[in-house]
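Heads up, the thing below is written out as structure tokens.
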Amino acid sequence: MPEYVKQNVQWFPGHMAKTRRIIKESLGLVDGVVELVDARIPYSSSNPELGDIIKRKPRIILLNKCDIADSSATKMWIEYYKSKGMYAIPVDCRSGSGLNAFIPTVKTALKEVIERNEAKGMSGKALRLMVVGIPNTGKSSFINRMAGNAKAKVADKAGVTRQQQWFAVGSGIELLDTPGVLWPKFDDSEVGDRLAFTGAVKDEVTDIESLSCRLLETLSKTRPNAILQRYKLDCVDGLQGWEILELIGKKRGFLIKGGEINYERTAVMICDEFRGGKLGKITLELP
């Protein structure tokens with residue numbers, strides 16, 4: 001019987017501290033901020049330091065990966081942001097779904113800036129926005145879609161963008177890309193887990209077997225049918241994460257010499273399938 005220790009996930013590479021400084025220093029160059037969050041974990045994937053950093057700059061939230069999030073939960077989040085005076089749009093940056101609402105939303109959110117520019121005789125002045133977000137929320141995919149090219153580097157792993165880049169996206173709008181930045185310490189261990197579940201924290205800094213067990217325990221309480229249907233199991237009620245992991249490993253035939261279960265292979269598969277939406281449209285937190 002395997003044992004695993006509950007980890008407190010932490011990940012704050014040196015370049016992220018630098019990025020935080022860059023964001024602060026670059027605020028004077030932009031009229032507003034676009035923050036990408038993961039629609040499956042809008043709270044956990046939003047940097048809690050951002051509000052203090054950007055202060056009164058207009059802020060537009062893009063709930064990315066809405067295609068693999070629960071649509072009813074996403075609507076709740078849209079209403080929540082609206083109640084806080086923020087603009088929010090559900091999008092899927094890889095397919096481009098929802099992005100047709102971005103430019104009209106920018107024009108609405110930056111109405112005062114536009115009016116100020118017109119009063120100064122600068123009606124054609126470009127609106128500049130900084131694009132921010134934690135790693136792997138889809139900033140580069142968003143910019144590539146909006147700019148109609150592939151100049152911003154895209155990867156399915158956390159922490160690819162490293163330096164500032166400007167992109168003209170048409171309709172008098174320019175976007176400033178920034179590297180993904182987390183925050184120094186996750187005070188809530190569940191936030192660290194959710195970030196790791198969705199791939200915002202590199203797998204290399206976690207124990208993938210332990211992580212998959214915690215993911216399975218979370219889903220067994222909130223979305224047990226997702227596990228049962230995907231892995232053709234009969235019941236997971238009352239089972240611990242490692243027990244569910246064993247059942248799935250056996251069901252998939254992930255065995256090594258001697259008939260033992262290949263826990264690592266099973267764990268990697270479970271995390272990959274969750275992140276790819278193969279367990280269904282799942283949102284892990286509500287407003």
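We label chains A, B, ... in the order they appear in the structure tokens, count residues from 1 in each chain, and number ligands from 1 in the order shown.
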Open item on the list: I need the residues in range 237-287 of chain A that are helix (DSSP H, G or I) according to DSSP; give them as a count of residues only.
Closed with: 28
TODO: Excluding range 30-47 of chain A and residues on its chain fewer than 5 positions from it, collect all residues at most 8 Å away from it, counting only C-alpha atoms, and give them as a ChimeraX atom specification.
DONE: /A:54,57-66,68-70,74,77,90,110,113,127-134,137-139,182-183,191-192,194-195,282-285,287
Open item on the list: Restricting the calculation to only C-alpha atoms: of A:Ala88, A:Leu29, A:Met76, A:Ala226, which residue gets closest to Lys281 in chain A?
Closed with: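 Ranking A:Ala88, A:Leu29, A:Met76, A:Ala226 by distance to Lys281 in chain A, first place goes to A:Ala226.
Straight-line separation from CA of Glu204 in chain A to CA of Ala267 in chain A: 13.5 Å.
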- [ ] Just list the residues in range 33-214 of chain A DSSP gives strand (DSSP E) on the backbone, as a PyMOL selection string.
- [x] chain A and resi 33-38+59-64+87-90+127-132+165-168+173-177
TODO: Find the residues near Phe197 in chain A: any atom within 9 Å, counting only C-alpha atoms, skip ones fewer than 4 places away on the same chain, and give them as a ChimeraX atom specification.
DONE: /A:192-193,201,211-212,214-215,271,274-275
TODO: For range 234-251 of chain A, please output as a PyMOL selection string all residues within 7 Å (counting only C-alpha atoms; exclusion window: fewer than 4 positions along the same chain).
DONE: chain A and resi 2+213-214+216-217+220+228+261-263+266
- [ ] Select, from A:Ala126, A:Ser189, A:Ile270, A:Ile173, the residue with the minimum atom-to-atom distance to Val106 in chain A, counting only C-alpha atoms.
- [x]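 Closest residue, counting only C-alpha atoms: A:Ile173.
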TODO: Rank A:Thr222, A:Asn144, A:Ser72, A:Ser26 by their smallest atom-to-atom distance to Ala168 in chain A, using only C-alpha atoms, and report the top residue only.
DONE: A:Asn144
Open item on the list: So, with only C-alpha atoms as the atoms that count, which of A:Leu279, A:Ile78, A:Cys93, A:Met86 lies closest to Pro224 in chain A?
Closed with: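 Distance minimum relative to Pro224 in chain A lands on A:Leu279.
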TODO: Report the distance between CA of Leu50 in chain A and CA of Asp92 in chain A in Å, rounded to one decimal place.
DONE: 22.5 Å
